[in-house]
Amino acid sequence: MALALNEDEQMLRETAESYFADKAPVKMLRRLRDMRDDTGFDAGLWRDMGGMGFAGVLVPEVYGGVAMGYQAAGLIAEQMGRNLTAAPFFSTSVLAATALNAGGSDEQKVKHLSKIAAADTVVAFALDEGAKHDPDRIETRAEVSGNGFKLKGVKSMVVDGHVADSLIVTAATNNGLTLFMVDAKVKGVDIERTIMMDSHNAARITLDDVEVDSDDVIGTVDQGMDVLLPVLNAGRAILSAELLGAGSEAFRITVDYIRERRQFGRIIGEFQALQHRASHLYSEMEVARSAVLAALTALDAGDGDVELYCAMTKAKLGQVARLTGLEGIQMHGGVGMTDEYDIGLYLKRIRVLQELFGDGNYHADKVARTKGY
Amino acid sequence: MTDLDIFRKQTRDWLEANCPESMRTDMHSDQDACWGGRKFVFQSEDQKLWLERMAEKGWTAPTWDKKYGGGGLSRKEEQILKQEMKRINARPPLMSFGIWMLGPALLKFGSEEQKLKYLPPITRGQIRWCQGYSEPGAGSDLASLQTKAENRGDHYLVNGQKVWTSQADRADWIFCLVRTDSSGTKHQGISFLLFDMESDGVETKPIRLISGKSPFCETFLSDVMVPKDQLVGEEGMGWTIAKYLLTHEREMIGDNEMTGPFFERVVRHMGLVDGRLPDPVLRGKVAEHEIDDWAFRMTVARKLGETKAGASLGADSSMLKYYGTELNKRRFELLMDAAGYDGLEWESDRSNEGALARSWLRTKGNSIEGGTSEVQLNIISKHILQLPGA
């Protein structure tokens, strides 16, 4: 496995780096938060991400996408993480596009993928139900009803749920799991926006006998794992890329700070007590970067061990990015506790990203189970 | 098929035909490793054959130029060779400080005569080298070394004491840092000499370690005559060469691969209950270690990919050395936890004469030799993070 970006990816990285720094910097998130914006994201930015080809990074060209693959999607997510950008990229362009690519009917693809590529829709992925990520325990039920199904259950932490036009819902069926495409506006869908600490979007969604057609099944009834597994892998790898961006930036602003701040008549970055911790963090971030690169490479290559790599990467990035946030606050000292400084925003965003799709403990356990110990 | 695919196919076929079966098994102790040199006794005919065949291909030093006994491979081809060797669990044909450390320094700083004279016998495993760096008063502060080399016209006269000379009692030649000038700063006036360990005035004394083993020596140098053409680079260039060589040593120590998956060793000690390790806390730590170990190996691969053949990683080698050695220490702590009472046995057949315990103790030196972890963190602070006063 060659661990390097190709030329197109290198170009994309440069484009995305300047794009998000210019168009969606941290102050945009602050503005959305302080204005208590109803949507929680900037609609103009999202449309523009369609024009840039970012929204359709995983969408096949026949549906208007650029189909650059997961490495490319990761590069976009990394820059969004760096700038704490709020946009429905993860839910719509990564999770929904992956689900539709893996199991969507021609009709579903025509209907949704072209809109995703144009950033003309938001599709949220309703998976988890309890306080912790646990795709093996889905209690939402889909009962056969007439020509279709009735969905009943409660979904939590649905990223972008309250601004979604459509939902992809995972539900238990008689002999397994099934994924459904659900119009967010239909009867029985109750969406409560949950404002999270990171000022990004999420919702709790109650499904009360929501009627769906058999045409709304994504993939095959009872065989939902075939669709869910690629979504989980992609989600974990892309969240890891976003954590890499957020962690790198938290680290960068922290090192900048200790290079400037003076106490005891000297720059605090001169103290070895801080130097060694900063150098340790540097090492951890370098190792974390390689994990992200390897997981995304494996996804694009369809590597047989991709599930394991994505789990290991999500575990590693959750731990390392968290450490950058924690050390970042401590090294900033008192000002790190203030809302004025950005380091706190990073700590909060990292906390959310590390929890999504499984934290370090969840994935360490998964690694052990996968390897048979 | 790309050229690399063809190379992979040819390499696979050649290894299949030429690597003896007994060289495709895990190494169980230091004795199984082939170090070569004038004093080396081969453990088996296969071990000798494997070395000779690989040396013939130049694959004991895959990326070196063929005229110096190397294989002339690119970094990518070298990676493929490593992967294919790993695929059949082939043992390294030769362990060698000459290849890992002296070679890269000679390739960069040596004269053409020196390269042609010293490199081929290294690749063939004929001459075994040791490193004369540290002194009793110069450990982490290596540049304060005091071993003196006086200019006596056609030769240097060397006097002093080296310590932590690895395998000095089994080595044929030494690459040695000496002071040729005491007038400037401590970094100036250091020179890099090569000489035969059988020269008059060289004496070695093994150091007994906490593991009970003696892989290192004290080396005493009294009036050792070293011909002038055995100076590498120029007088006073020694520190530059030493630093360059240390980055290669760090890459080597950092890239510490063990044969067989780590968790299997843990399972061998503890067994499974209902398909799980019986200690849930240790199980979590083992998994976390495996994650870090994988991510670290990806990092070594990434960094080597980013570096062209023969180039050095610079200060990032400190990161790899720091991370890799700390990881290795953690690995052996976990193995000792898993082994419990069995890991405490020191003298018994069952424990292979305390192999695990002694290896565990040996790893404690990983984060000391080649520059302590603290020194590596200083280097990262200074050269990568550019923190003031570092």
# chains A, B, ... in the order shown; residues from 1 in each chain; ligands from 1
call {"tool": "residues_around", "arguments": {"residues": "Val159 (chain A)", "least_positions_apart": "4", "cutoff": "10 Å", "atoms": "only C-alpha atoms", "output": "NGL selection string"}}
result
:A and (88 or 90-92 or 123-127 or 163-164 or 193-194 or 200-204 or 356)
call {"tool": "write_last_selection", "arguments": {"atoms": "N, CA, C and O atoms", "output": "CSV table (one decimal), in the first residue's frame"}}
result
chain,number,residue,atom,x,y,z
A,88,PRO,N,-23.4,20.5,5.8
A,88,PRO,CA,-23.8,19.1,5.8
A,88,PRO,C,-23.0,18.2,5.0
A,88,PRO,O,-23.6,17.3,4.4
A,90,PHE,N,-20.6,15.9,5.9
A,90,PHE,CA,-20.4,14.6,6.4
A,90,PHE,C,-21.7,13.8,6.3
A,90,PHE,O,-21.7,12.6,5.8
A,91,SER,N,-22.9,14.4,6.7
A,91,SER,CA,-24.1,13.6,6.6
A,91,SER,C,-24.5,13.3,5.1
A,91,SER,O,-24.8,12.2,4.8
A,92,THR,N,-24.4,14.3,4.3
A,92,THR,CA,-25.0,14.2,3.0
A,92,THR,C,-24.0,13.7,2.0
A,92,THR,O,-24.3,12.7,1.3
A,123,VAL,N,-29.3,15.3,3.3
A,123,VAL,CA,-29.8,14.0,3.7
A,123,VAL,C,-29.1,13.5,5.0
A,123,VAL,O,-27.8,13.5,5.0
A,124,ALA,N,-29.8,13.3,6.0
A,124,ALA,CA,-29.2,12.9,7.3
A,124,ALA,C,-29.3,11.4,7.5
A,124,ALA,O,-30.2,10.7,7.0
A,125,PHE,N,-28.3,10.9,8.2
A,125,PHE,CA,-28.2,9.4,8.4
A,125,PHE,C,-28.6,9.1,9.9
A,125,PHE,O,-27.9,9.5,10.8
A,126,ALA,N,-29.8,8.5,10.1
A,126,ALA,CA,-30.3,8.2,11.4
A,126,ALA,C,-29.9,6.8,11.9
A,126,ALA,O,-30.6,5.8,11.5
A,127,LEU,N,-28.9,6.7,12.7
A,127,LEU,CA,-28.4,5.4,13.1
A,127,LEU,C,-28.5,5.1,14.6
A,127,LEU,O,-29.2,4.3,15.0
A,163,VAL,N,-32.2,19.9,9.7
A,163,VAL,CA,-32.2,20.7,8.4
A,163,VAL,C,-32.4,19.7,7.3
A,163,VAL,O,-32.2,20.1,6.1
A,164,ALA,N,-32.6,18.4,7.5
A,164,ALA,CA,-32.6,17.4,6.5
A,164,ALA,C,-33.9,17.4,5.7
A,164,ALA,O,-35.0,17.6,6.2
A,193,ARG,N,-34.5,19.7,17.3
A,193,ARG,CA,-33.1,20.1,17.2
A,193,ARG,C,-32.4,19.9,18.5
A,193,ARG,O,-32.9,20.4,19.5
A,194,THR,N,-31.2,19.3,18.6
A,194,THR,CA,-30.5,19.3,19.8
A,194,THR,C,-29.2,20.1,19.6
A,194,THR,O,-28.4,19.8,18.8
A,200,HIS,N,-22.5,22.7,16.3
A,200,HIS,CA,-22.8,22.0,15.0
A,200,HIS,C,-24.2,21.4,15.1
A,200,HIS,O,-24.7,21.2,16.3
A,201,ASN,N,-24.7,21.0,14.0
A,201,ASN,CA,-26.1,20.5,14.0
A,201,ASN,C,-26.3,19.0,14.4
A,201,ASN,O,-25.6,18.2,13.9
A,202,ALA,N,-27.4,18.8,15.1
A,202,ALA,CA,-27.8,17.4,15.4
A,202,ALA,C,-29.2,17.5,15.8
A,202,ALA,O,-29.8,18.5,16.2
A,203,ALA,N,-29.9,16.3,15.8
A,203,ALA,CA,-31.3,16.2,16.2
A,203,ALA,C,-31.6,14.9,16.8
A,203,ALA,O,-30.9,13.9,16.6
A,204,ARG,N,-32.7,14.9,17.6
A,204,ARG,CA,-33.3,13.7,18.1
A,204,ARG,C,-34.6,13.5,17.3
A,204,ARG,O,-35.4,14.4,17.2
A,356,LEU,N,-18.8,10.5,18.0
A,356,LEU,CA,-19.5,10.1,16.8
A,356,LEU,C,-18.9,8.8,16.2
A,356,LEU,O,-17.7,8.7,16.0
call {"tool": "residues_around", "arguments": {"residues": "Thr147 (chain B)", "least_positions_apart": "2", "cutoff": "6 Å", "atoms": "only C-alpha atoms", "output": "JSON, numbers by chain"}}
result
{"B": [159, 160, 178, 179]}
call {"tool": "residues_around", "arguments": {"residues": "Lys243 (chain B)", "least_positions_apart": "2", "cutoff": "12 Å", "atoms": "only C-alpha atoms", "output": "PyMOL selection string"}}
result
chain B and resi 101-102+104-105+133+142-143+177+187+190+192+237-241+245-250+312+314-315+317-318+370-371+379
call {"tool": "write_last_selection", "arguments": {"atoms": "N, CA and C atoms", "output": "mmCIF file, in the first residue's frame"}}
result
data_model
loop_
_atom_site.group_PDB
_atom_site.id
_atom_site.type_symbol
_atom_site.label_atom_id
_atom_site.label_comp_id
_atom_site.auth_asym_id
_atom_site.auth_seq_id
_atom_site.Cartn_x
_atom_site.Cartn_y
_atom_site.Cartn_z
ATOM 1 N N MET B 101 24.445 1.726 10.052
ATOM 2 C CA MET B 101 24.970 2.982 10.566
ATOM 3 C C MET B 101 26.181 3.504 9.806
ATOM 4 N N LEU B 102 27.263 2.714 9.775
ATOM 5 C CA LEU B 102 28.478 3.222 9.131
ATOM 6 C C LEU B 102 28.252 3.446 7.640
ATOM 7 N N PRO B 104 25.661 4.294 5.581
ATOM 8 C CA PRO B 104 25.086 5.565 5.133
ATOM 9 C C PRO B 104 26.045 6.748 5.336
ATOM 10 N N ALA B 105 26.817 6.719 6.431
ATOM 11 C CA ALA B 105 27.750 7.821 6.685
ATOM 12 C C ALA B 105 28.904 7.794 5.677
ATOM 13 N N TYR B 133 31.294 5.693 20.332
ATOM 14 C CA TYR B 133 30.766 7.054 20.523
ATOM 15 C C TYR B 133 30.865 7.476 21.990
ATOM 16 N N LEU B 142 27.060 13.989 24.284
ATOM 17 C CA LEU B 142 28.075 13.256 23.534
ATOM 18 C C LEU B 142 29.229 14.147 23.072
ATOM 19 N N ALA B 143 28.921 15.403 22.734
ATOM 20 C CA ALA B 143 29.950 16.282 22.149
ATOM 21 C C ALA B 143 31.066 16.632 23.136
ATOM 22 N N LEU B 177 34.564 8.187 17.382
ATOM 23 C CA LEU B 177 34.668 9.640 17.476
ATOM 24 C C LEU B 177 35.831 9.997 18.399
ATOM 25 N N HIS B 187 31.781 21.138 20.011
ATOM 26 C CA HIS B 187 31.353 20.468 18.785
ATOM 27 C C HIS B 187 32.430 20.492 17.709
ATOM 28 N N ILE B 190 36.078 17.554 16.674
ATOM 29 C CA ILE B 190 35.782 16.120 16.750
ATOM 30 C C ILE B 190 35.997 15.516 15.364
ATOM 31 N N PHE B 192 36.277 11.705 12.883
ATOM 32 C CA PHE B 192 35.654 10.389 12.726
ATOM 33 C C PHE B 192 36.690 9.417 12.166
ATOM 34 N N MET B 237 35.295 17.396 11.194
ATOM 35 C CA MET B 237 33.963 17.149 10.627
ATOM 36 C C MET B 237 33.199 16.068 11.382
ATOM 37 N N GLY B 238 33.827 15.533 12.419
ATOM 38 C CA GLY B 238 33.280 14.352 13.089
ATOM 39 C C GLY B 238 31.867 14.536 13.621
ATOM 40 N N TRP B 239 31.585 15.713 14.153
ATOM 41 C CA TRP B 239 30.265 15.919 14.760
ATOM 42 C C TRP B 239 29.164 15.883 13.702
ATOM 43 N N THR B 240 29.449 16.488 12.543
ATOM 44 C CA THR B 240 28.485 16.473 11.440
ATOM 45 C C THR B 240 28.200 15.036 11.010
ATOM 46 N N ILE B 241 29.291 14.257 10.870
ATOM 47 C CA ILE B 241 29.124 12.862 10.455
ATOM 48 C C ILE B 241 28.377 12.081 11.538
ATOM 49 N N LEU B 245 24.909 10.048 11.156
ATOM 50 C CA LEU B 245 24.854 8.618 11.432
ATOM 51 C C LEU B 245 23.820 8.300 12.507
ATOM 52 N N LEU B 246 23.721 9.194 13.477
ATOM 53 C CA LEU B 246 22.742 8.972 14.549
ATOM 54 C C LEU B 246 21.313 8.978 14.014
ATOM 55 N N THR B 247 21.042 9.817 13.000
ATOM 56 C CA THR B 247 19.679 9.810 12.470
ATOM 57 C C THR B 247 19.378 8.450 11.854
ATOM 58 N N HIS B 248 20.400 7.818 11.250
ATOM 59 C CA HIS B 248 20.170 6.478 10.703
ATOM 60 C C HIS B 248 20.009 5.446 11.812
ATOM 61 N N GLU B 249 20.805 5.606 12.859
ATOM 62 C CA GLU B 249 20.665 4.687 13.985
ATOM 63 C C GLU B 249 19.262 4.810 14.576
ATOM 64 N N ARG B 250 18.780 6.045 14.648
ATOM 65 C CA ARG B 250 17.456 6.256 15.232
ATOM 66 C C ARG B 250 16.371 5.633 14.382
ATOM 67 N N SER B 312 18.210 11.499 4.198
ATOM 68 C CA SER B 312 17.920 11.288 5.610
ATOM 69 C C SER B 312 16.601 11.951 5.957
ATOM 70 N N GLY B 314 16.103 13.628 8.547
ATOM 71 C CA GLY B 314 16.321 14.821 9.348
ATOM 72 C C GLY B 314 15.747 14.655 10.740
ATOM 73 N N ALA B 315 15.206 15.743 11.277
ATOM 74 C CA ALA B 315 14.752 15.728 12.664
ATOM 75 C C ALA B 315 13.591 14.760 12.888
ATOM 76 N N SER B 317 13.576 11.800 12.215
ATOM 77 C CA SER B 317 14.112 10.533 12.713
ATOM 78 C C SER B 317 14.055 10.518 14.247
ATOM 79 N N SER B 318 14.130 11.681 14.867
ATOM 80 C CA SER B 318 14.009 11.755 16.325
ATOM 81 C C SER B 318 12.604 11.380 16.768
ATOM 82 N N GLY B 370 21.436 5.709 21.713
ATOM 83 C CA GLY B 370 21.170 6.485 20.496
ATOM 84 C C GLY B 370 20.511 7.819 20.790
ATOM 85 N N GLY B 371 20.686 8.323 22.001
ATOM 86 C CA GLY B 371 20.030 9.567 22.402
ATOM 87 C C GLY B 371 18.763 9.245 23.167
ATOM 88 N N ILE B 379 15.287 17.695 20.481
ATOM 89 C CA ILE B 379 15.577 17.914 19.055
ATOM 90 C C ILE B 379 14.302 18.321 18.307
#
call {"tool": "interface_residues", "arguments": {"of": "chain A", "to": "chain B", "cutoff": "6 Å", "atoms": "only C-alpha atoms", "output": "number ranges by chain"}}
result
A: 3, 269-270, 275-276, 279, 283, 287, 290-291, 312, 364, 368, 373
call {"tool": "write_last_selection", "arguments": {"atoms": "C-alpha atoms", "output": "PDB file, in the first residue's frame"}}
result
ATOM      1  CA  LEU A   3       0.997   5.927   1.451  1.00  0.00           C
ATOM      2  CA  GLY A 269       7.876  28.007  25.219  1.00  0.00           C
ATOM      3  CA  GLU A 270      11.420  28.093  26.620  1.00  0.00           C
ATOM      4  CA  GLN A 275       8.630  21.717  25.155  1.00  0.00           C
ATOM      5  CA  HIS A 276       8.587  18.005  25.833  1.00  0.00           C
ATOM      6  CA  SER A 279       7.089  17.486  21.060  1.00  0.00           C
ATOM      7  CA  SER A 283       4.866  12.850  17.414  1.00  0.00           C
ATOM      8  CA  VAL A 287       1.428   8.985  13.757  1.00  0.00           C
ATOM      9  CA  SER A 290      -0.413   8.213   8.854  1.00  0.00           C
ATOM     10  CA  ALA A 291      -3.359   6.249  10.220  1.00  0.00           C
ATOM     11  CA  MET A 312      -8.044   1.536  14.484  1.00  0.00           C
ATOM     12  CA  ALA A 364     -10.235  -0.782  20.851  1.00  0.00           C
ATOM     13  CA  ALA A 368      -9.799  -7.062  19.922  1.00  0.00           C
ATOM     14  CA  TYR A 373      -9.057 -11.978  21.597  1.00  0.00           C
TER      15      TYR A 373
END
call {"tool": "select_by_dssp", "arguments": {"residues": "region 41-276 of chain A", "states": "helix (DSSP H, G or I)", "output": "ChimeraX atom specification"}}
result
/A:43-51,61-63,70-83,89-103,106-117,161-163,214-216,225-260,268-270,272-276
call {"tool": "write_last_selection", "arguments": {"atoms": "C-alpha atoms", "output": "JSON list (two decimals), in the first residue's frame"}}
result
[["chain", "number", "residue", "atom", "x", "y", "z"],
["A", 43, "ALA", "CA", -26.72, 27.95, 3.00],
["A", 44, "GLY", "CA", -24.61, 30.01, 0.61],
["A", 45, "LEU", "CA", -21.46, 28.14, 1.61],
["A", 46, "TRP", "CA", -23.13, 24.76, 1.14],
["A", 47, "ARG", "CA", -24.38, 25.67, -2.35],
["A", 48, "ASP", "CA", -20.91, 26.92, -3.20],
["A", 49, "MET", "CA", -19.44, 23.61, -2.02],
["A", 50, "GLY", "CA", -21.66, 22.05, -4.67],
["A", 51, "GLY", "CA", -20.22, 24.35, -7.30],
["A", 61, "GLU", "CA", -19.93, 11.49, -12.77],
["A", 62, "VAL", "CA", -23.18, 10.33, -14.41],
["A", 63, "TYR", "CA", -25.02, 11.99, -11.53],
["A", 70, "TYR", "CA", -12.41, 8.77, -0.02],
["A", 71, "GLN", "CA", -8.88, 10.14, 0.10],
["A", 72, "ALA", "CA", -10.26, 13.28, -1.53],
["A", 73, "ALA", "CA", -13.28, 13.38, 0.77],
["A", 74, "GLY", "CA", -10.88, 13.09, 3.69],
["A", 75, "LEU", "CA", -8.85, 16.06, 2.48],
["A", 76, "ILE", "CA", -12.02, 18.17, 2.40],
["A", 77, "ALA", "CA", -13.08, 16.95, 5.85],
["A", 78, "GLU", "CA", -9.60, 17.69, 7.22],
["A", 79, "GLN", "CA", -9.83, 21.32, 6.14],
["A", 80, "MET", "CA", -13.36, 21.60, 7.52],
["A", 81, "GLY", "CA", -12.02, 20.25, 10.80],
["A", 82, "ARG", "CA", -9.22, 22.79, 10.75],
["A", 83, "ASN", "CA", -11.73, 25.65, 10.41],
["A", 89, "PHE", "CA", -20.85, 17.54, 4.11],
["A", 90, "PHE", "CA", -20.43, 14.58, 6.45],
["A", 91, "SER", "CA", -24.12, 13.63, 6.59],
["A", 92, "THR", "CA", -25.00, 14.22, 2.97],
["A", 93, "SER", "CA", -21.87, 13.97, 0.84],
["A", 94, "VAL", "CA", -20.24, 11.15, 2.80],
["A", 95, "LEU", "CA", -22.81, 9.01, 4.64],
["A", 96, "ALA", "CA", -25.80, 9.39, 2.32],
["A", 97, "ALA", "CA", -23.71, 9.23, -0.86],
["A", 98, "THR", "CA", -21.94, 6.10, 0.39],
["A", 99, "ALA", "CA", -25.24, 4.42, 1.31],
["A", 100, "LEU", "CA", -26.77, 5.24, -2.06],
["A", 101, "ASN", "CA", -23.64, 4.12, -3.94],
["A", 102, "ALA", "CA", -23.65, 0.86, -2.00],
["A", 103, "GLY", "CA", -27.34, -0.02, -2.15],
["A", 106, "ASP", "CA", -31.36, 3.45, -10.05],
["A", 107, "GLU", "CA", -34.39, 5.51, -9.21],
["A", 108, "GLN", "CA", -33.03, 6.51, -5.80],
["A", 109, "LYS", "CA", -29.67, 7.39, -7.29],
["A", 110, "VAL", "CA", -31.20, 9.57, -9.98],
["A", 111, "LYS", "CA", -33.41, 11.28, -7.45],
["A", 112, "HIS", "CA", -30.86, 11.92, -4.70],
["A", 113, "LEU", "CA", -27.28, 11.70, -5.95],
["A", 114, "SER", "CA", -27.52, 14.54, -8.46],
["A", 115, "LYS", "CA", -29.03, 16.78, -5.78],
["A", 116, "ILE", "CA", -26.27, 15.79, -3.38],
["A", 117, "ALA", "CA", -23.62, 16.66, -5.97],
["A", 161, "GLY", "CA", -31.25, 15.95, 11.24],
["A", 162, "HIS", "CA", -33.18, 19.17, 11.81],
["A", 163, "VAL", "CA", -32.24, 20.67, 8.45],
["A", 214, "SER", "CA", -41.11, -0.83, -0.34],
["A", 215, "ASP", "CA", -39.39, 1.30, -3.02],
["A", 216, "ASP", "CA", -37.86, 3.30, -0.19],
["A", 225, "MET", "CA", -25.53, -4.63, 6.88],
["A", 226, "ASP", "CA", -24.29, -4.75, 3.28],
["A", 227, "VAL", "CA", -25.07, -1.06, 3.02],
["A", 228, "LEU", "CA", -24.41, -0.05, 6.60],
["A", 229, "LEU", "CA", -20.90, -1.51, 6.76],
["A", 230, "PRO", "CA", -19.45, 0.67, 3.99],
["A", 231, "VAL", "CA", -21.21, 3.65, 5.58],
["A", 232, "LEU", "CA", -19.66, 2.89, 8.96],
["A", 233, "ASN", "CA", -16.20, 2.47, 7.46],
["A", 234, "ALA", "CA", -16.47, 5.66, 5.47],
["A", 235, "GLY", "CA", -17.94, 7.56, 8.40],
["A", 236, "ARG", "CA", -15.17, 6.48, 10.75],
["A", 237, "ALA", "CA", -12.41, 7.32, 8.31],
["A", 238, "ILE", "CA", -13.85, 10.71, 7.36],
["A", 239, "LEU", "CA", -14.51, 11.68, 10.98],
["A", 240, "SER", "CA", -10.90, 10.72, 11.64],
["A", 241, "ALA", "CA", -9.80, 13.06, 8.86],
["A", 242, "GLU", "CA", -11.88, 15.84, 10.40],
["A", 243, "LEU", "CA", -10.33, 15.07, 13.80],
["A", 244, "LEU", "CA", -6.91, 15.26, 12.17],
["A", 245, "GLY", "CA", -7.73, 18.74, 10.90],
["A", 246, "ALA", "CA", -9.19, 19.93, 14.20],
["A", 247, "GLY", "CA", -6.33, 18.38, 16.20],
["A", 248, "SER", "CA", -3.62, 19.82, 13.94],
["A", 249, "GLU", "CA", -5.09, 23.28, 14.20],
["A", 250, "ALA", "CA", -5.55, 23.06, 17.97],
["A", 251, "PHE", "CA", -1.89, 22.02, 18.16],
["A", 252, "ARG", "CA", -0.76, 24.79, 15.82],
["A", 253, "ILE", "CA", -2.49, 27.59, 17.71],
["A", 254, "THR", "CA", -1.16, 26.19, 20.98],
["A", 255, "VAL", "CA", 2.45, 26.14, 19.77],
["A", 256, "ASP", "CA", 1.98, 29.67, 18.42],
["A", 257, "TYR", "CA", 0.70, 30.74, 21.81],
["A", 258, "ILE", "CA", 3.58, 29.33, 23.83],
["A", 259, "ARG", "CA", 5.99, 30.98, 21.39],
["A", 260, "GLU", "CA", 4.50, 34.39, 22.29],
["A", 268, "ILE", "CA", 6.93, 30.16, 28.23],
["A", 269, "GLY", "CA", 7.88, 28.01, 25.22],
["A", 270, "GLU", "CA", 11.42, 28.09, 26.62],
["A", 272, "GLN", "CA", 11.27, 22.26, 28.95],
["A", 273, "ALA", "CA", 8.14, 21.23, 30.85],
["A", 274, "LEU", "CA", 6.13, 22.56, 27.89],
["A", 275, "GLN", "CA", 8.63, 21.72, 25.16],
["A", 276, "HIS", "CA", 8.59, 18.00, 25.83]]
call {"tool": "atom_distance", "arguments": {"atom1": "CA of Leu308 (chain A)", "atom2": "CA of Gln354 (chain A)"}}
result
17.2 Å
call {"tool": "select_by_dssp", "arguments": {"residues": "region 139-355 of chain A", "states": "strand (DSSP E)", "output": "JSON, numbers by chain"}}
result
{"A": [141, 142, 143, 144, 145, 148, 149, 150, 151, 152, 153, 154, 155, 156, 157, 158, 159, 166, 167, 168, 169, 170, 171, 172, 173, 176, 177, 178, 179, 180, 181, 182, 183, 189, 190, 191, 192, 193, 202, 203, 204, 205, 206, 207, 208, 209, 210, 211, 212, 213, 217, 218, 262, 263, 266, 267]}
call {"tool": "atom_distance", "arguments": {"atom1": "CA of Ala242 (chain B)", "atom2": "CA of Gly98 (chain B)"}}
result
14.0 Å
call {"tool": "closest_residue", "arguments": {"among": "B:Ser348, B:Leu81, B:Trp64, B:Asp337", "to": "Arg12 (chain B)", "atoms": "only C-alpha atoms"}}
result
B:Leu81
call {"tool": "residues_around", "arguments": {"residues": "Val335 (chain A)", "least_positions_apart": "6", "cutoff": "12 Å", "atoms": "only C-alpha atoms", "output": "mmCIF file with N, CA, C and O atoms, in the first residue's frame"}}
result
data_model
loop_
_atom_site.group_PDB
_atom_site.id
_atom_site.type_symbol
_atom_site.label_atom_id
_atom_site.label_comp_id
_atom_site.auth_asym_id
_atom_site.auth_seq_id
_atom_site.Cartn_x
_atom_site.Cartn_y
_atom_site.Cartn_z
ATOM 1 N N THR A 254 -1.767 26.328 19.662
ATOM 2 C CA THR A 254 -1.160 26.190 20.982
ATOM 3 C C THR A 254 0.347 26.463 20.915
ATOM 4 O O THR A 254 0.900 27.194 21.744
ATOM 5 N N TYR A 257 0.923 30.026 20.553
ATOM 6 C CA TYR A 257 0.698 30.743 21.809
ATOM 7 C C TYR A 257 1.912 30.639 22.734
ATOM 8 O O TYR A 257 2.362 31.655 23.276
ATOM 9 N N ARG A 261 3.679 33.978 24.511
ATOM 10 C CA ARG A 261 3.315 34.337 25.882
ATOM 11 C C ARG A 261 4.552 34.439 26.779
ATOM 12 O O ARG A 261 5.382 33.526 26.805
ATOM 13 N N GLY A 328 -3.913 21.769 24.820
ATOM 14 C CA GLY A 328 -4.102 23.121 24.297
ATOM 15 C C GLY A 328 -4.657 24.050 25.357
ATOM 16 O O GLY A 328 -4.148 25.157 25.565
ATOM 17 N N ILE A 329 -5.696 23.611 26.047
ATOM 18 C CA ILE A 329 -6.293 24.434 27.107
ATOM 19 C C ILE A 329 -5.260 24.683 28.213
ATOM 20 O O ILE A 329 -5.030 25.814 28.642
ATOM 21 N N TYR A 341 -10.897 33.002 23.138
ATOM 22 C CA TYR A 341 -9.860 32.237 22.437
ATOM 23 C C TYR A 341 -10.476 31.012 21.758
ATOM 24 O O TYR A 341 -11.402 30.399 22.292
ATOM 25 N N ASP A 342 -9.927 30.651 20.593
ATOM 26 C CA ASP A 342 -10.522 29.564 19.807
ATOM 27 C C ASP A 342 -10.257 28.171 20.379
ATOM 28 O O ASP A 342 -10.973 27.225 20.051
ATOM 29 N N ILE A 343 -9.229 28.028 21.222
ATOM 30 C CA ILE A 343 -8.839 26.676 21.632
ATOM 31 C C ILE A 343 -10.006 25.905 22.263
ATOM 32 O O ILE A 343 -10.170 24.704 22.042
ATOM 33 N N GLY A 344 -10.851 26.622 22.995
ATOM 34 C CA GLY A 344 -12.011 25.968 23.628
ATOM 35 C C GLY A 344 -12.994 25.421 22.598
ATOM 36 O O GLY A 344 -13.602 24.357 22.790
#
call {"tool": "atom_distance", "arguments": {"atom1": "CA of Ser18 (chain A)", "atom2": "CA of Lys314 (chain A)"}}
result
26.0 Å
